[in-house]
Amino acid sequence: MAEPFLPFFIRWEVPEDRHPGRVPVRHRAEPTGIAWVEVSGERRRLAEWLGGADAPVRAVEGPAAVRAAGIATSHGELILR
């Protein structure tokens, strides 16, 4: 990837019932969504890429990378680093 810190989206072209996110899985804390994503890299380029979108992206200093993500759950936030 030329700019590994830029967020991207995946589009699934499968019937809704075959989407991987629809597979039932039991968790101790039910995930409810992505709370935030933390990236480092060129802030100006990130702002350009997001184009004013109201996205929960946190920018921190450092070499270009995805640094962490917060997963919202029924029991609070789960942080992946």
# chains A, B, ... in the order shown; residues from 1 in each chain; ligands from 1
>>> select_by_dssp(residues="chain A", states="strand (DSSP E)", output="number ranges by chain")
A: 31-40, 57-60, 65-73, 76-80
>>> residues_around(residues="Ala69 of chain A", least_positions_apart="4", cutoff="12 Å", atoms="only C-alpha atoms", output="list in words")
Pro7, Gly33, Ile34, Ala35, Trp36, Val37, Glu38, Val39, Pro56, Val57, Arg58, Ala59, Ala65, Glu77, Leu78, Ile79, Leu80 and Arg81 of chain A
>>> write_last_selection(atoms="C-alpha atoms", output="PDB file, in the first residue's frame")
ATOM      1  CA  PRO A   7      -8.738   4.303   6.046  1.00  0.00           C
ATOM      2  CA  GLY A  33     -19.591  -1.157  16.067  1.00  0.00           C
ATOM      3  CA  ILE A  34     -16.305   0.607  15.511  1.00  0.00           C
ATOM      4  CA  ALA A  35     -15.840   3.394  18.071  1.00  0.00           C
ATOM      5  CA  TRP A  36     -12.695   4.895  16.525  1.00  0.00           C
ATOM      6  CA  VAL A  37      -9.541   4.194  14.505  1.00  0.00           C
ATOM      7  CA  GLU A  38      -6.134   5.671  15.386  1.00  0.00           C
ATOM      8  CA  VAL A  39      -3.651   6.365  12.591  1.00  0.00           C
ATOM      9  CA  PRO A  56     -14.121   8.622  14.162  1.00  0.00           C
ATOM     10  CA  VAL A  57     -10.464   8.797  13.093  1.00  0.00           C
ATOM     11  CA  ARG A  58      -7.782   9.922  15.550  1.00  0.00           C
ATOM     12  CA  ALA A  59      -4.480  11.193  14.164  1.00  0.00           C
ATOM     13  CA  ALA A  65       0.451   3.298  10.047  1.00  0.00           C
ATOM     14  CA  GLU A  77     -14.827  -0.184  24.607  1.00  0.00           C
ATOM     15  CA  LEU A  78     -12.366  -2.890  23.555  1.00  0.00           C
ATOM     16  CA  ILE A  79      -9.040  -1.469  22.327  1.00  0.00           C
ATOM     17  CA  LEU A  80      -6.987  -3.294  19.698  1.00  0.00           C
ATOM     18  CA  ARG A  81      -3.303  -2.294  19.346  1.00  0.00           C
TER      19      ARG A  81
END
>>> residues_around(residues="Leu46 of chain A", least_positions_apart="3", cutoff="10 Å", atoms="only C-alpha atoms", output="PyMOL selection string")
chain A and resi 3+5-7+39-43+49-51+57+59
>>> write_last_selection(atoms="N, CA and C atoms", output="short mmCIF file (atom, residue, chain, number, x, y, z; two decimals), in the first residue's frame")
data_model
loop_
_atom_site.label_atom_id
_atom_site.label_comp_id
_atom_site.auth_asym_id
_atom_site.auth_seq_id
_atom_site.Cartn_x
_atom_site.Cartn_y
_atom_site.Cartn_z
N GLU A 3 -0.04 4.31 0.85
CA GLU A 3 -0.34 5.13 2.03
C GLU A 3 -1.10 4.28 3.04
N PHE A 5 -1.72 4.32 6.10
CA PHE A 5 -2.46 4.91 7.21
C PHE A 5 -3.83 5.41 6.81
N LEU A 6 -4.14 5.45 5.52
CA LEU A 6 -5.44 5.96 5.09
C LEU A 6 -6.52 4.90 5.26
N PRO A 7 -7.64 5.26 5.88
CA PRO A 7 -8.74 4.30 6.05
C PRO A 7 -9.27 3.86 4.68
N VAL A 39 -4.67 6.48 13.63
CA VAL A 39 -3.65 6.36 12.59
C VAL A 39 -2.57 7.41 12.82
N SER A 40 -1.39 7.14 12.27
CA SER A 40 -0.32 8.14 12.27
C SER A 40 0.11 8.31 10.82
N GLY A 41 0.62 9.48 10.53
CA GLY A 41 1.01 9.79 9.16
C GLY A 41 0.80 11.26 8.89
N GLU A 42 0.79 11.62 7.65
CA GLU A 42 0.66 13.02 7.25
C GLU A 42 -0.77 13.51 7.48
N ARG A 43 -0.95 14.37 8.47
CA ARG A 43 -2.29 14.85 8.86
C ARG A 43 -3.01 15.56 7.72
N TRP A 49 -8.04 13.08 2.42
CA TRP A 49 -8.64 11.77 2.12
C TRP A 49 -10.04 11.65 2.71
N LEU A 50 -10.21 12.11 3.94
CA LEU A 50 -11.51 12.03 4.60
C LEU A 50 -12.51 13.03 4.02
N GLY A 51 -12.01 14.09 3.40
CA GLY A 51 -12.88 15.04 2.72
C GLY A 51 -13.97 15.65 3.58
N VAL A 57 -11.88 9.08 13.35
CA VAL A 57 -10.46 8.80 13.09
C VAL A 57 -9.63 9.73 13.95
N ALA A 59 -5.81 11.09 14.76
CA ALA A 59 -4.48 11.19 14.16
C ALA A 59 -3.46 11.44 15.27
#
>>> atom_distance(atom1="atom CA of Thr32 of chain A", atom2="atom CA of Ala72 of chain A")
5.4 Å
>>> atom_distance(atom1="atom CA of Ala68 of chain A", atom2="atom CA of Pro4 of chain A")
13.1 Å
>>> select_by_dssp(residues="chain A", states="alpha helix (DSSP H)", output="PyMOL selection string")
chain A and resi 43-50
>>> write_last_selection(atoms="N, CA and C atoms", output="PDB file, in the first residue's frame")
ATOM      1  N   ARG A  43      -0.947  14.372   8.474  1.00  0.00           N
ATOM      2  CA  ARG A  43      -2.290  14.852   8.857  1.00  0.00           C
ATOM      3  C   ARG A  43      -3.014  15.558   7.716  1.00  0.00           C
ATOM      4  N   ARG A  44      -2.297  16.352   6.945  1.00  0.00           N
ATOM      5  CA  ARG A  44      -2.926  17.064   5.832  1.00  0.00           C
ATOM      6  C   ARG A  44      -3.496  16.072   4.824  1.00  0.00           C
ATOM      7  N   ARG A  45      -2.739  15.036   4.531  1.00  0.00           N
ATOM      8  CA  ARG A  45      -3.188  14.021   3.568  1.00  0.00           C
ATOM      9  C   ARG A  45      -4.394  13.263   4.116  1.00  0.00           C
ATOM     10  N   LEU A  46      -4.390  12.965   5.398  1.00  0.00           N
ATOM     11  CA  LEU A  46      -5.518  12.276   6.024  1.00  0.00           C
ATOM     12  C   LEU A  46      -6.777  13.138   5.926  1.00  0.00           C
ATOM     13  N   ALA A  47      -6.667  14.418   6.243  1.00  0.00           N
ATOM     14  CA  ALA A  47      -7.819  15.324   6.168  1.00  0.00           C
ATOM     15  C   ALA A  47      -8.341  15.409   4.739  1.00  0.00           C
ATOM     16  N   GLU A  48      -7.423  15.467   3.783  1.00  0.00           N
ATOM     17  CA  GLU A  48      -7.784  15.485   2.365  1.00  0.00           C
ATOM     18  C   GLU A  48      -8.562  14.220   2.004  1.00  0.00           C
ATOM     19  N   TRP A  49      -8.043  13.077   2.424  1.00  0.00           N
ATOM     20  CA  TRP A  49      -8.638  11.771   2.117  1.00  0.00           C
ATOM     21  C   TRP A  49     -10.039  11.652   2.707  1.00  0.00           C
ATOM     22  N   LEU A  50     -10.211  12.109   3.935  1.00  0.00           N
ATOM     23  CA  LEU A  50     -11.513  12.029   4.600  1.00  0.00           C
ATOM     24  C   LEU A  50     -12.511  13.027   4.019  1.00  0.00           C
TER      25      LEU A  50
END
>>> closest_atom_pairs(of="segment 36-81 of chain A", to="segment 11-27 of chain A", cutoff="12 Å", atoms="only C-alpha atoms", output="CSV")
residue,atom,partner,partner_atom,distance
A:Thr73,CA,A:His27,CA,9.7
A:Ser74,CA,A:His27,CA,10.1
A:His75,CA,A:His27,CA,10.9
>>> write_last_selection(atoms="C-alpha atoms", output="tab-separated table (two decimals), in the first residue's frame")
chain	number	residue	atom	x	y	z
A	73	THR	CA	-19.31	-3.34	22.89
A	74	SER	CA	-22.24	-3.86	25.23
A	75	HIS	CA	-19.73	-3.70	28.13
>>> atom_distance(atom1="atom CA of Ala55 of chain A", atom2="atom CA of Ala29 of chain A")
23.8 Å
>>> closest_residue(among="A:Ile10, A:Arg28, A:Glu61, A:Ala53", to="Gly76 of chain A", atoms="only C-alpha atoms")
A:Arg28
>>> decode(residues="segment 20-63 of chain A", atoms="N, CA and C atoms", output="PDB file, in the first residue's frame")
ATOM      1  N   PRO A  20     -20.043 -12.177   5.694  1.00  0.00           N
ATOM      2  CA  PRO A  20     -19.366 -12.701   6.886  1.00  0.00           C
ATOM      3  C   PRO A  20     -19.837 -12.067   8.191  1.00  0.00           C
ATOM      4  N   GLY A  21     -20.247 -10.815   8.160  1.00  0.00           N
ATOM      5  CA  GLY A  21     -20.721 -10.146   9.366  1.00  0.00           C
ATOM      6  C   GLY A  21     -22.066 -10.648   9.853  1.00  0.00           C
ATOM      7  N   ARG A  22     -22.750 -11.449   9.063  1.00  0.00           N
ATOM      8  CA  ARG A  22     -24.067 -11.984   9.432  1.00  0.00           C
ATOM      9  C   ARG A  22     -23.980 -13.361  10.098  1.00  0.00           C
ATOM     10  N   VAL A  23     -22.781 -13.930  10.161  1.00  0.00           N
ATOM     11  CA  VAL A  23     -22.608 -15.247  10.777  1.00  0.00           C
ATOM     12  C   VAL A  23     -22.781 -15.098  12.287  1.00  0.00           C
ATOM     13  N   PRO A  24     -23.679 -15.866  12.899  1.00  0.00           N
ATOM     14  CA  PRO A  24     -23.878 -15.739  14.346  1.00  0.00           C
ATOM     15  C   PRO A  24     -22.647 -16.211  15.133  1.00  0.00           C
ATOM     16  N   VAL A  25     -22.230 -15.389  16.079  1.00  0.00           N
ATOM     17  CA  VAL A  25     -21.081 -15.699  16.936  1.00  0.00           C
ATOM     18  C   VAL A  25     -21.423 -15.230  18.339  1.00  0.00           C
ATOM     19  N   ARG A  26     -21.101 -16.034  19.339  1.00  0.00           N
ATOM     20  CA  ARG A  26     -21.363 -15.643  20.729  1.00  0.00           C
ATOM     21  C   ARG A  26     -20.117 -14.972  21.297  1.00  0.00           C
ATOM     22  N   HIS A  27     -20.321 -13.827  21.936  1.00  0.00           N
ATOM     23  CA  HIS A  27     -19.242 -13.082  22.582  1.00  0.00           C
ATOM     24  C   HIS A  27     -19.651 -12.795  24.020  1.00  0.00           C
ATOM     25  N   ARG A  28     -18.673 -12.681  24.907  1.00  0.00           N
ATOM     26  CA  ARG A  28     -18.987 -12.266  26.283  1.00  0.00           C
ATOM     27  C   ARG A  28     -19.502 -10.836  26.298  1.00  0.00           C
ATOM     28  N   ALA A  29     -18.940  -9.995  25.454  1.00  0.00           N
ATOM     29  CA  ALA A  29     -19.388  -8.605  25.312  1.00  0.00           C
ATOM     30  C   ALA A  29     -19.776  -8.418  23.848  1.00  0.00           C
ATOM     31  N   GLU A  30     -21.040  -8.195  23.587  1.00  0.00           N
ATOM     32  CA  GLU A  30     -21.546  -8.087  22.217  1.00  0.00           C
ATOM     33  C   GLU A  30     -20.986  -6.844  21.515  1.00  0.00           C
ATOM     34  N   PRO A  31     -20.253  -7.007  20.388  1.00  0.00           N
ATOM     35  CA  PRO A  31     -19.755  -5.839  19.660  1.00  0.00           C
ATOM     36  C   PRO A  31     -20.920  -5.084  19.020  1.00  0.00           C
ATOM     37  N   THR A  32     -20.850  -3.749  19.073  1.00  0.00           N
ATOM     38  CA  THR A  32     -21.922  -2.934  18.490  1.00  0.00           C
ATOM     39  C   THR A  32     -21.426  -2.038  17.367  1.00  0.00           C
ATOM     40  N   GLY A  33     -20.121  -1.961  17.165  1.00  0.00           N
ATOM     41  CA  GLY A  33     -19.591  -1.157  16.067  1.00  0.00           C
ATOM     42  C   GLY A  33     -18.165  -0.716  16.314  1.00  0.00           C
ATOM     43  N   ILE A  34     -17.650   0.044  15.378  1.00  0.00           N
ATOM     44  CA  ILE A  34     -16.305   0.607  15.511  1.00  0.00           C
ATOM     45  C   ILE A  34     -16.440   1.961  16.193  1.00  0.00           C
ATOM     46  N   ALA A  35     -15.774   2.134  17.327  1.00  0.00           N
ATOM     47  CA  ALA A  35     -15.840   3.394  18.071  1.00  0.00           C
ATOM     48  C   ALA A  35     -14.898   4.431  17.458  1.00  0.00           C
ATOM     49  N   TRP A  36     -13.690   3.998  17.098  1.00  0.00           N
ATOM     50  CA  TRP A  36     -12.695   4.895  16.525  1.00  0.00           C
ATOM     51  C   TRP A  36     -11.549   4.092  15.926  1.00  0.00           C
ATOM     52  N   VAL A  37     -10.757   4.763  15.089  1.00  0.00           N
ATOM     53  CA  VAL A  37      -9.541   4.194  14.505  1.00  0.00           C
ATOM     54  C   VAL A  37      -8.440   5.228  14.714  1.00  0.00           C
ATOM     55  N   GLU A  38      -7.271   4.771  15.158  1.00  0.00           N
ATOM     56  CA  GLU A  38      -6.134   5.671  15.386  1.00  0.00           C
ATOM     57  C   GLU A  38      -5.078   5.413  14.324  1.00  0.00           C
ATOM     58  N   VAL A  39      -4.669   6.481  13.633  1.00  0.00           N
ATOM     59  CA  VAL A  39      -3.651   6.365  12.591  1.00  0.00           C
ATOM     60  C   VAL A  39      -2.568   7.407  12.823  1.00  0.00           C
ATOM     61  N   SER A  40      -1.386   7.140  12.269  1.00  0.00           N
ATOM     62  CA  SER A  40      -0.321   8.138  12.269  1.00  0.00           C
ATOM     63  C   SER A  40       0.110   8.313  10.822  1.00  0.00           C
ATOM     64  N   GLY A  41       0.620   9.480  10.534  1.00  0.00           N
ATOM     65  CA  GLY A  41       1.014   9.790   9.159  1.00  0.00           C
ATOM     66  C   GLY A  41       0.801  11.260   8.893  1.00  0.00           C
ATOM     67  N   GLU A  42       0.789  11.623   7.653  1.00  0.00           N
ATOM     68  CA  GLU A  42       0.661  13.018   7.253  1.00  0.00           C
ATOM     69  C   GLU A  42      -0.770  13.510   7.483  1.00  0.00           C
ATOM     70  N   ARG A  43      -0.947  14.372   8.474  1.00  0.00           N
ATOM     71  CA  ARG A  43      -2.290  14.852   8.857  1.00  0.00           C
ATOM     72  C   ARG A  43      -3.014  15.558   7.716  1.00  0.00           C
ATOM     73  N   ARG A  44      -2.297  16.352   6.945  1.00  0.00           N
ATOM     74  CA  ARG A  44      -2.926  17.064   5.832  1.00  0.00           C
ATOM     75  C   ARG A  44      -3.496  16.072   4.824  1.00  0.00           C
ATOM     76  N   ARG A  45      -2.739  15.036   4.531  1.00  0.00           N
ATOM     77  CA  ARG A  45      -3.188  14.021   3.568  1.00  0.00           C
ATOM     78  C   ARG A  45      -4.394  13.263   4.116  1.00  0.00           C
ATOM     79  N   LEU A  46      -4.390  12.965   5.398  1.00  0.00           N
ATOM     80  CA  LEU A  46      -5.518  12.276   6.024  1.00  0.00           C
ATOM     81  C   LEU A  46      -6.777  13.138   5.926  1.00  0.00           C
ATOM     82  N   ALA A  47      -6.667  14.418   6.243  1.00  0.00           N
ATOM     83  CA  ALA A  47      -7.819  15.324   6.168  1.00  0.00           C
ATOM     84  C   ALA A  47      -8.341  15.409   4.739  1.00  0.00           C
ATOM     85  N   GLU A  48      -7.423  15.467   3.783  1.00  0.00           N
ATOM     86  CA  GLU A  48      -7.784  15.485   2.365  1.00  0.00           C
ATOM     87  C   GLU A  48      -8.562  14.220   2.004  1.00  0.00           C
ATOM     88  N   TRP A  49      -8.043  13.077   2.424  1.00  0.00           N
ATOM     89  CA  TRP A  49      -8.638  11.771   2.117  1.00  0.00           C
ATOM     90  C   TRP A  49     -10.039  11.652   2.707  1.00  0.00           C
ATOM     91  N   LEU A  50     -10.211  12.109   3.935  1.00  0.00           N
ATOM     92  CA  LEU A  50     -11.513  12.029   4.600  1.00  0.00           C
ATOM     93  C   LEU A  50     -12.511  13.027   4.019  1.00  0.00           C
ATOM     94  N   GLY A  51     -12.012  14.091   3.399  1.00  0.00           N
ATOM     95  CA  GLY A  51     -12.878  15.042   2.717  1.00  0.00           C
ATOM     96  C   GLY A  51     -13.972  15.646   3.578  1.00  0.00           C
ATOM     97  N   GLY A  52     -13.685  15.890   4.847  1.00  0.00           N
ATOM     98  CA  GLY A  52     -14.678  16.494   5.728  1.00  0.00           C
ATOM     99  C   GLY A  52     -15.676  15.507   6.307  1.00  0.00           C
ATOM    100  N   ALA A  53     -15.511  14.224   6.019  1.00  0.00           N
ATOM    101  CA  ALA A  53     -16.420  13.206   6.562  1.00  0.00           C
ATOM    102  C   ALA A  53     -16.334  13.186   8.083  1.00  0.00           C
ATOM    103  N   ASP A  54     -17.449  12.967   8.716  1.00  0.00           N
ATOM    104  CA  ASP A  54     -17.497  12.880  10.175  1.00  0.00           C
ATOM    105  C   ASP A  54     -17.149  11.449  10.577  1.00  0.00           C
ATOM    106  N   ALA A  55     -15.869  11.112  10.457  1.00  0.00           N
ATOM    107  CA  ALA A  55     -15.407   9.756  10.743  1.00  0.00           C
ATOM    108  C   ALA A  55     -14.654   9.752  12.068  1.00  0.00           C
ATOM    109  N   PRO A  56     -14.804   8.695  12.872  1.00  0.00           N
ATOM    110  CA  PRO A  56     -14.121   8.622  14.162  1.00  0.00           C
ATOM    111  C   PRO A  56     -12.651   8.217  14.011  1.00  0.00           C
ATOM    112  N   VAL A  57     -11.879   9.077  13.345  1.00  0.00           N
ATOM    113  CA  VAL A  57     -10.464   8.797  13.093  1.00  0.00           C
ATOM    114  C   VAL A  57      -9.628   9.732  13.955  1.00  0.00           C
ATOM    115  N   ARG A  58      -8.703   9.153  14.703  1.00  0.00           N
ATOM    116  CA  ARG A  58      -7.782   9.922  15.550  1.00  0.00           C
ATOM    117  C   ARG A  58      -6.413   9.915  14.885  1.00  0.00           C
ATOM    118  N   ALA A  59      -5.811  11.092  14.757  1.00  0.00           N
ATOM    119  CA  ALA A  59      -4.480  11.193  14.164  1.00  0.00           C
ATOM    120  C   ALA A  59      -3.462  11.443  15.270  1.00  0.00           C
ATOM    121  N   VAL A  60      -2.375  10.666  15.257  1.00  0.00           N
ATOM    122  CA  VAL A  60      -1.291  10.835  16.221  1.00  0.00           C
ATOM    123  C   VAL A  60       0.026  10.947  15.461  1.00  0.00           C
ATOM    124  N   GLU A  61       1.053  11.427  16.131  1.00  0.00           N
ATOM    125  CA  GLU A  61       2.369  11.574  15.510  1.00  0.00           C
ATOM    126  C   GLU A  61       3.016  10.208  15.307  1.00  0.00           C
ATOM    127  N   GLY A  62       3.843  10.105  14.261  1.00  0.00           N
ATOM    128  CA  GLY A  62       4.583   8.884  14.019  1.00  0.00           C
ATOM    129  C   GLY A  62       4.581   8.523  12.552  1.00  0.00           C
ATOM    130  N   PRO A  63       5.333   7.465  12.199  1.00  0.00           N
ATOM    131  CA  PRO A  63       5.367   7.017  10.813  1.00  0.00           C
ATOM    132  C   PRO A  63       3.986   6.507  10.382  1.00  0.00           C
TER     133      PRO A  63
END
